[in-house]
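K.L.:
Input structure: work26.tsv, which contains TSV, C-alpha atoms.
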chain	number	residue	atom	x	y	z
A	1	MET	CA	-75.18	55.37	9.66
A	2	ILE	CA	-71.75	54.10	8.69
A	3	LYS	CA	-69.82	51.72	10.87
A	4	ALA	CA	-66.06	52.11	10.76
A	5	THR	CA	-63.40	49.82	12.13
A	6	VAL	CA	-59.96	51.30	12.68
A	7	TYR	CA	-56.84	49.21	13.21
A	8	VAL	CA	-53.77	50.88	14.63
A	9	THR	CA	-50.54	48.91	14.53
A	10	ILE	CA	-46.92	49.61	15.43
A	11	LYS	CA	-44.94	50.37	12.27
A	12	LYS	CA	-42.87	47.60	10.77
A	13	GLY	CA	-39.31	48.11	11.90
A	14	VAL	CA	-40.37	49.69	15.18
A	15	LEU	CA	-40.00	47.24	18.05
A	16	ASP	CA	-43.25	46.19	19.72
A	17	PRO	CA	-42.19	45.13	23.25
A	18	GLN	CA	-45.76	44.11	24.14
A	19	GLY	CA	-45.88	41.80	21.12
A	20	VAL	CA	-42.49	40.33	21.98
A	21	ALA	CA	-43.59	39.64	25.55
A	22	VAL	CA	-46.81	37.91	24.46
A	23	GLN	CA	-44.94	35.91	21.83
A	24	GLY	CA	-42.56	34.77	24.58
A	25	ALA	CA	-45.53	33.78	26.74
A	26	LEU	CA	-47.06	31.73	23.92
A	27	HIS	CA	-43.71	29.98	23.40
A	28	SER	CA	-43.46	29.25	27.10
A	29	ILE	CA	-46.84	27.50	27.14
A	30	GLY	CA	-45.94	25.37	24.17
A	31	PHE	CA	-46.94	27.27	21.04
A	32	GLN	CA	-43.51	27.09	19.43
A	33	GLU	CA	-44.95	27.69	15.95
A	34	VAL	CA	-45.58	31.40	16.74
A	35	GLU	CA	-43.03	33.04	14.52
A	36	SER	CA	-43.94	36.64	15.17
A	37	LEU	CA	-46.68	38.55	16.93
A	38	ARG	CA	-47.58	42.19	17.00
A	39	ILE	CA	-50.20	43.90	19.11
A	40	GLY	CA	-52.29	46.80	17.92
A	41	LYS	CA	-55.50	48.61	18.70
A	42	TYR	CA	-58.97	47.92	17.37
A	43	ILE	CA	-61.42	50.81	17.41
A	44	GLU	CA	-65.12	50.71	16.45
A	45	ILE	CA	-66.74	53.96	15.41
A	46	ASN	CA	-70.33	54.62	14.40
A	47	LEU	CA	-70.60	57.66	12.19
A	48	ASP	CA	-73.82	59.59	11.90
A	49	MET	CA	-73.43	60.10	8.14
A	50	ASP	CA	-74.33	58.32	4.91
A	51	ASP	CA	-71.80	59.61	2.41
A	52	ARG	CA	-69.00	57.05	2.22
A	53	ALA	CA	-66.47	59.36	0.63
A	54	ALA	CA	-67.10	62.03	3.23
A	55	ALA	CA	-66.81	59.42	5.98
A	56	GLU	CA	-63.39	58.40	4.68
A	57	VAL	CA	-62.19	61.97	4.74
A	58	GLN	CA	-63.31	62.30	8.35
A	59	LEU	CA	-61.80	58.97	9.39
A	60	LYS	CA	-58.47	59.79	7.84
A	61	ALA	CA	-58.43	63.06	9.77
A	62	MET	CA	-59.33	61.27	13.02
A	63	CYS	CA	-56.53	58.76	12.52
A	64	GLU	CA	-53.92	61.35	11.64
A	65	LYS	CA	-54.90	63.74	14.39
A	66	LEU	CA	-55.57	61.47	17.33
A	67	LEU	CA	-56.10	57.74	16.86
A	68	ALA	CA	-52.62	56.91	15.56
A	69	ASN	CA	-49.26	58.50	16.26
A	70	THR	CA	-47.82	58.29	12.77
A	71	VAL	CA	-44.27	58.57	14.09
A	72	VAL	CA	-44.49	55.00	15.36
A	73	GLU	CA	-47.86	53.67	14.22
A	74	ASP	CA	-49.67	52.74	11.00
A	75	TYR	CA	-53.42	52.68	10.63
A	76	ARG	CA	-56.04	51.31	8.31
A	77	TYR	CA	-59.81	51.33	8.42
A	78	GLU	CA	-62.80	49.50	7.02
A	79	LEU	CA	-66.23	50.97	6.32
A	80	GLU	CA	-69.53	49.18	6.54
A	81	ALA	CA	-72.78	50.88	5.65
B	1	MET	CA	-39.98	85.33	37.21
B	2	LYS	CA	-43.28	83.46	37.05
B	3	PHE	CA	-43.62	79.71	36.75
B	4	ALA	CA	-46.75	77.80	35.74
B	5	VAL	CA	-47.25	74.14	36.56
B	6	LEU	CA	-49.94	72.72	34.30
B	7	VAL	CA	-52.46	70.35	35.84
B	8	PHE	CA	-54.26	67.78	33.69
B	9	PRO	CA	-56.74	65.25	35.04
B	10	GLY	CA	-54.28	62.56	36.14
B	11	SER	CA	-51.19	64.73	36.68
B	12	ASN	CA	-49.45	63.45	39.80
B	13	CYS	CA	-46.09	65.21	39.82
B	14	ASP	CA	-47.59	68.69	39.79
B	15	ILE	CA	-47.12	69.22	43.53
B	16	ASP	CA	-43.50	68.00	43.35
B	17	CYS	CA	-42.81	70.47	40.54
B	18	TYR	CA	-44.45	73.31	42.43
B	19	LYS	CA	-42.43	72.53	45.57
B	20	ALA	CA	-39.22	72.14	43.55
B	21	VAL	CA	-39.64	75.65	42.14
B	22	GLU	CA	-40.40	77.04	45.61
B	23	ASP	CA	-37.47	75.26	47.22
B	24	THR	CA	-34.81	75.82	44.57
B	25	VAL	CA	-35.45	79.31	43.26
B	26	GLY	CA	-38.26	80.67	45.44
B	27	GLU	CA	-39.93	82.39	42.52
B	28	SER	CA	-43.66	82.83	42.01
B	29	VAL	CA	-45.39	79.64	40.89
B	30	ASP	CA	-49.02	78.81	40.09
B	31	TYR	CA	-50.95	75.68	39.26
B	32	VAL	CA	-52.70	76.18	35.93
B	33	TRP	CA	-55.67	73.97	35.03
B	34	HIS	CA	-55.73	72.26	31.63
B	35	THR	CA	-58.72	74.34	30.52
B	36	ALA	CA	-56.83	77.64	30.89
B	37	THR	CA	-56.68	79.77	27.78
B	38	ASP	CA	-54.13	82.38	28.81
B	39	LEU	CA	-50.54	81.75	29.82
B	40	SER	CA	-49.30	85.23	29.00
B	41	ALA	CA	-48.40	85.92	32.64
B	42	TYR	CA	-45.83	83.12	32.81
B	43	ASP	CA	-42.16	82.92	31.86
B	44	CYS	CA	-41.65	79.21	32.33
B	45	ILE	CA	-44.27	76.51	31.87
B	46	ILE	CA	-43.74	73.11	33.45
B	47	VAL	CA	-45.68	70.19	32.01
B	48	PRO	CA	-45.47	67.70	34.87
B	49	GLY	CA	-45.44	63.93	35.02
B	50	GLY	CA	-48.40	61.70	35.73
B	51	PHE	CA	-51.04	59.89	33.76
B	52	SER	CA	-52.97	62.63	32.03
B	53	TYR	CA	-56.40	61.42	30.92
B	54	GLY	CA	-55.44	58.01	32.26
B	55	ASP	CA	-52.94	57.56	29.42
B	56	TYR	CA	-55.92	56.31	27.40
B	57	LEU	CA	-55.22	55.64	23.72
B	58	ARG	CA	-51.54	56.67	24.12
B	59	CYS	CA	-49.62	58.62	26.75
B	60	GLY	CA	-50.20	62.31	26.12
B	61	ALA	CA	-52.45	61.77	23.09
B	62	ILE	CA	-55.57	63.28	24.62
B	63	SER	CA	-53.96	65.98	26.74
B	64	ARG	CA	-52.32	67.30	23.63
B	65	PHE	CA	-55.74	68.69	22.68
B	66	ALA	CA	-56.49	70.30	26.05
B	67	PRO	CA	-57.22	74.02	25.61
B	68	VAL	CA	-54.08	75.03	27.50
B	69	MET	CA	-51.86	73.28	24.94
B	70	ALA	CA	-52.63	75.88	22.27
B	71	GLU	CA	-51.26	78.44	24.73
B	72	VAL	CA	-48.20	76.28	25.38
B	73	ALA	CA	-47.52	76.22	21.63
B	74	LYS	CA	-47.87	80.00	21.57
B	75	ALA	CA	-45.50	80.39	24.51
B	76	ALA	CA	-42.99	78.07	22.83
B	77	GLU	CA	-43.18	80.20	19.72
B	78	GLN	CA	-42.52	83.31	21.82
B	79	GLY	CA	-39.36	81.72	23.19
B	80	LYS	CA	-40.64	81.14	26.71
B	81	PHE	CA	-39.17	78.22	28.64
B	82	ILE	CA	-41.18	74.99	28.49
B	83	LEU	CA	-40.08	72.01	30.56
B	84	GLY	CA	-41.86	68.69	30.02
B	85	ILE	CA	-41.08	65.95	32.51
B	86	CYS	CA	-42.06	62.29	31.97
B	87	ASN	CA	-45.74	62.43	30.94
B	88	GLY	CA	-45.00	66.09	30.15
B	89	PHE	CA	-42.35	64.93	27.67
B	90	GLN	CA	-44.85	62.52	26.12
B	91	ILE	CA	-47.38	65.36	25.80
B	92	LEU	CA	-44.83	67.67	24.13
B	93	THR	CA	-43.95	65.04	21.51
B	94	GLU	CA	-47.64	64.33	20.86
B	95	ALA	CA	-48.14	68.09	20.44
B	96	ASN	CA	-45.27	68.21	17.93
B	97	LEU	CA	-43.41	70.71	20.08
B	98	LEU	CA	-40.63	68.11	20.23
B	99	PRO	CA	-39.82	65.45	17.62
B	100	GLY	CA	-40.16	61.68	18.04
B	101	ALA	CA	-42.35	59.53	20.25
B	102	LEU	CA	-42.15	57.55	23.49
B	103	ARG	CA	-42.85	53.82	23.28
B	104	ARG	CA	-43.26	51.08	25.86
B	105	ASN	CA	-40.09	50.27	27.75
B	106	MET	CA	-38.23	47.48	26.01
B	107	SER	CA	-38.35	45.43	29.22
B	108	MET	CA	-42.15	45.91	29.49
B	109	LYS	CA	-41.47	46.85	33.11
B	110	PHE	CA	-42.39	50.05	34.87
B	111	ARG	CA	-38.95	51.28	35.91
B	112	CYS	CA	-38.71	53.38	39.05
B	113	HIS	CA	-35.19	54.04	40.34
B	114	ASP	CA	-32.25	56.43	40.24
B	115	THR	CA	-30.49	56.71	36.91
B	116	LYS	CA	-27.14	58.11	35.93
B	117	LEU	CA	-27.45	60.77	33.25
B	118	THR	CA	-24.81	62.52	31.18
B	119	VAL	CA	-25.38	66.19	30.47
B	120	VAL	CA	-24.65	66.15	26.74
B	121	ASN	CA	-25.69	69.74	26.11
B	122	ASN	CA	-25.04	72.23	28.90
B	123	GLU	CA	-25.79	75.22	26.73
B	124	THR	CA	-29.58	75.15	26.98
B	125	PRO	CA	-31.40	77.58	29.30
B	126	PHE	CA	-32.21	74.52	31.44
B	127	THR	CA	-28.73	73.03	31.81
B	128	ARG	CA	-26.22	75.89	31.91
B	129	GLU	CA	-25.34	75.24	35.55
B	130	TYR	CA	-24.04	71.76	34.71
B	131	ARG	CA	-20.67	70.97	33.22
B	132	LYS	CA	-20.53	69.45	29.76
B	133	ASN	CA	-20.55	65.64	30.04
B	134	GLU	CA	-21.15	65.88	33.78
B	135	GLU	CA	-22.71	62.75	35.26
B	136	ILE	CA	-25.71	63.37	37.48
B	137	ILE	CA	-28.21	61.20	39.34
B	138	ILE	CA	-31.89	61.79	38.59
B	139	PRO	CA	-34.68	59.26	39.23
B	140	ILE	CA	-36.98	57.83	36.58
B	141	ALA	CA	-40.49	56.41	37.02
B	142	HIS	CA	-42.12	55.33	33.78
B	143	GLY	CA	-43.46	52.46	31.73
B	144	GLU	CA	-43.29	54.23	28.39
B	145	GLY	CA	-40.05	56.16	28.16
B	146	ASN	CA	-38.46	54.39	25.24
B	147	TYR	CA	-37.59	57.32	22.98
B	148	TYR	CA	-37.91	56.76	19.26
B	149	CYS	CA	-37.41	58.87	16.16
B	150	ASP	CA	-36.50	58.01	12.58
B	151	GLU	CA	-32.94	58.17	11.27
B	152	GLU	CA	-33.38	61.53	9.61
B	153	THR	CA	-34.72	63.12	12.81
B	154	LEU	CA	-31.92	61.55	14.82
B	155	GLU	CA	-29.31	63.07	12.52
B	156	LYS	CA	-30.98	66.44	12.92
B	157	LEU	CA	-31.06	66.09	16.71
B	158	LYS	CA	-27.34	65.37	16.68
B	159	ALA	CA	-26.43	68.11	14.23
B	160	ASN	CA	-28.38	70.75	16.21
B	161	HIS	CA	-27.14	69.54	19.63
B	162	GLN	CA	-30.73	68.78	20.65
B	163	ILE	CA	-29.81	65.70	22.66
B	164	VAL	CA	-29.60	67.17	26.17
B	165	PHE	CA	-29.35	64.12	28.44
B	166	THR	CA	-28.37	60.51	27.81
B	167	TYR	CA	-28.63	57.53	30.17
B	168	GLY	CA	-25.54	55.83	31.55
B	169	ASP	CA	-27.34	52.50	31.69
B	170	ASN	CA	-30.26	52.74	29.28
B	171	PRO	CA	-33.30	51.63	31.34
B	172	ASN	CA	-35.96	51.60	28.62
B	173	GLY	CA	-34.41	50.95	25.21
B	174	SER	CA	-34.34	54.55	23.94
B	175	ILE	CA	-32.41	55.04	20.75
B	176	GLU	CA	-28.90	56.39	21.34
B	177	ASP	CA	-29.59	56.24	25.12
B	178	ILE	CA	-31.62	59.45	24.82
B	179	ALA	CA	-33.15	60.63	28.12
B	180	GLY	CA	-33.99	64.22	27.16
B	181	ILE	CA	-34.06	66.45	24.10
B	182	CYS	CA	-34.79	70.07	23.27
B	183	ASN	CA	-36.27	71.81	20.26
B	184	GLU	CA	-34.09	73.61	17.70
B	185	LYS	CA	-34.37	76.94	19.49
B	186	GLY	CA	-33.51	75.30	22.82
B	187	ASN	CA	-36.43	76.82	24.76
B	188	VAL	CA	-38.51	73.63	24.89
B	189	ILE	CA	-37.09	70.61	26.64
B	190	GLY	CA	-38.54	67.18	27.34
B	191	MET	CA	-37.06	64.50	29.56
B	192	MET	CA	-38.20	61.22	31.09
B	193	PRO	CA	-36.19	61.52	34.36
B	194	HIS	CA	-37.65	63.66	37.17
B	195	PRO	CA	-35.39	66.58	38.21
B	196	GLU	CA	-38.11	67.77	40.61
B	197	ARG	CA	-37.61	64.58	42.61
B	198	ALA	CA	-33.91	65.30	43.02
B	199	VAL	CA	-33.77	68.68	44.73
B	200	ASP	CA	-32.60	67.65	48.19
B	201	THR	CA	-30.13	65.10	49.52
B	202	LEU	CA	-33.01	63.78	51.64
B	203	LEU	CA	-34.52	62.59	48.35
B	204	GLY	CA	-31.31	60.79	47.43
B	205	SER	CA	-29.91	63.44	45.11
B	206	GLU	CA	-29.94	67.17	44.63
B	207	ASP	CA	-28.69	67.02	41.07
B	208	GLY	CA	-32.04	68.22	39.75
B	209	LYS	CA	-31.75	71.53	41.57
B	210	ARG	CA	-29.49	73.10	38.99
B	211	MET	CA	-32.10	72.69	36.27
B	212	PHE	CA	-34.33	75.13	38.13
B	213	THR	CA	-31.50	77.52	39.01
B	214	SER	CA	-30.37	77.37	35.35
B	215	ILE	CA	-33.84	78.44	34.23
B	216	LEU	CA	-33.86	81.40	36.61
B	217	LYS	CA	-30.37	82.50	35.57
B	218	SER	CA	-31.29	82.24	31.89
B	219	TRP	CA	-34.40	84.29	32.45
B	220	ARG	CA	-32.52	86.94	34.43
B	221	ASP	CA	-30.09	87.37	31.56
B	222	THR	CA	-32.85	88.96	29.54
B	223	HIS	CA	-35.15	90.33	32.23
B	224	ASP	CA	-35.22	92.59	35.23
B	225	THR	CA	-32.58	91.32	37.63
B	226	ALA	CA	-34.07	93.45	40.39
B	227	SER	CA	-37.20	91.32	40.65
B	228	VAL	CA	-35.59	88.90	43.08
B	229	ARG	CA	-38.00	87.93	45.80
I need this file expressed as structure tokens, please.

P.N.:
Amino acid sequence: MIKATVYVTIKKGVLDPQGVAVQGALHSIGFQEVESLRIGKYIEINLDMDDRAAAEVQLKAMCEKLLANTVVEDYRYELEA
Amino acid sequence: MKFAVLVFPGSNCDIDCYKAVEDTVGESVDYVWHTATDLSAYDCIIVPGGFSYGDYLRCGAISRFAPVMAEVAKAAEQGKFILGICNGFQILTEANLLPGALRRNMSMKFRCHDTKLTVVNNETPFTREYRKNEEIIIPIAHGEGNYYCDEETLEKLKANHQIVFTYGDNPNGSIEDIAGICNEKGNVIGMMPHPERAVDTLLGSEDGKRMFTSILKSWRDTHDTASVR
């Protein structure tokens, strides 16, 4: 079993209105030090496989096909055996 | 002429689209479930608005893999008319039938009101009954209608006259005020505003009517004109 964690984030240079709104909220309750904030998605996947290299191939395909929209989002993943 | 209105789990503008076709052109129209694997009977496929698959992950991301979408791609390839409205537009971009992506509205608000649109391209099969640069009133209702594409794509859209509608008062932060675009061939169009909700003055505007009559006229140009019901 391999545990994968996928992080999907809005591309740099693409405005993240959700992040801007939350940053504004943090400012309004006194956290002035928040310089920037971006919101993304965190996805946990358990893979029924043992081959790390093969798992990466599959994860990349999942990200490109469905989990991230590469027009506006970046993704990265971590693997844990 | 035969229209199909696709129905995904979560579609909620399917009935409006069906009625709009009935009321504006009176042609044959069917609801087609997302699991359908044959669209060969249809000349125009409407991908309606709503919240397909609950908009989980991203708007349109999951519906893009519904079995019927392979048939939509086939129909697009064959030059059939495909009209994606709101969530339908999001699905068509996710399916790569149209370029770009729809992001959260800049304001973070769900915007639901009439908008003024400019018909930038009146030479598509969907807009021929409008005048170039005509201003029309069509309502919007969306939280994620903020159109985005990279610079290169934008230049292409401009060069190929693929920008079909722009907003008068940009309600969502779309680049270049884009409200609707078409593919290079012009047979696939996606737009955030809802023409099917503007087909009678009782609804506040009938400016959406001419989209449906445009489609019928365009189809008749190349098909049997005697098949009028």

K.L.:
Find the residues near Val5 (chain B): any atom within 9 Å, counting all atoms listed in the file, skip ones fewer than 2 places away on the same chain, and give them as a short mmCIF file (atom, residue, chain, number, x, y, z; two decimals) with C-alpha atoms, keeping the file's coordinate frame.

P.N.:
data_model
loop_
_atom_site.label_atom_id
_atom_site.label_comp_id
_atom_site.auth_asym_id
_atom_site.auth_seq_id
_atom_site.Cartn_x
_atom_site.Cartn_y
_atom_site.Cartn_z
CA PHE B 3 -43.62 79.71 36.75
CA VAL B 7 -52.46 70.35 35.84
CA ASP B 14 -47.59 68.69 39.79
CA ILE B 15 -47.12 69.22 43.53
CA CYS B 17 -42.81 70.47 40.54
CA TYR B 18 -44.45 73.31 42.43
CA VAL B 29 -45.39 79.64 40.89
CA ASP B 30 -49.02 78.81 40.09
CA TYR B 31 -50.95 75.68 39.26
CA VAL B 32 -52.70 76.18 35.93
CA TRP B 33 -55.67 73.97 35.03
CA CYS B 44 -41.65 79.21 32.33
CA ILE B 45 -44.27 76.51 31.87
CA ILE B 46 -43.74 73.11 33.45
CA VAL B 47 -45.68 70.19 32.01
CA PRO B 48 -45.47 67.70 34.87
#

K.L.:
Write down, as JSON, numbers by chain, each residue of chain A that has any atom within 12 Å of an atom of chain B, counting only C-alpha atoms.

P.N.:
{"A": [8, 10, 11, 13, 14, 15, 16, 17, 18, 19, 20, 21, 22, 40, 41, 42, 43, 63, 64, 65, 66, 67, 68, 69, 70, 71, 72, 73]}

K.L.:
So the first atom is CA of Glu155 (chain B) and the second is CA of Glu134 (chain B); what is the distance between them in Å, to one decimal place?

P.N.:
22.9 Å

K.L.:
Please indicate the distance in Å from CA of Ala61 (chain A) to CA of Ala66 (chain B), rounded to one decimal place.

P.N.:
17.9 Å

K.L.:
With only C-alpha atoms as the basis for distance, which of A:Leu47, A:Gly30, A:Leu79, A:Arg38 is at the shortest distance from Lys12 (chain A)?

P.N.:
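Among the listed residues, A:Arg38 lies closest to Lys12 (chain A).
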
K.L.:
Every residue with an atom at most 12 Å from (-68.4, 56.5, 0.8) (file coordinates; all atoms listed in the file) is what I'm after, so could you write them as a ChimeraX atom specification?

P.N.:
/A:1-4,47,49-59,78-81

K.L.:
Would you pick out the contacts of Lys2 (chain B) at 6 Å or less, using only C-alpha atoms, so that residues sharing its chain but fewer than 3 positions from it are not included, and give the list as a list in words?

P.N.:
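Using only C-alpha atoms, the neighbours found are Ser28, Val29, Tyr42 and Asp43 of chain B.
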
K.L.:
By how many Å are CA of Gly168 (chain B) and CA of Leu92 (chain B) apart?

P.N.:
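Those two atoms sit 23.8 Å apart.
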
K.L.:
So which residues touch Gly10 (chain B) within 6 Å, counting all atoms listed in the file, skipping near sequence neighbours fewer than 5 positions away, as a PyMOL selection string?

P.N.:
chain B and resi 50-53

K.L.:
Counting only C-alpha atoms, what is within 8 Å of region 118-120 of chain B, bar same-chain residues fewer than 3 positions away, as a ChimeraX atom specification?

P.N.:
/B:127,130-136,163-168

K.L.:
Around (-37.1, 55.6, 36.3) in the file's own coordinates, what residues are found within 6 Å if you use only C-alpha atoms, given back as a PyMOL selection string?

P.N.:
chain B and resi 111-113+139-142
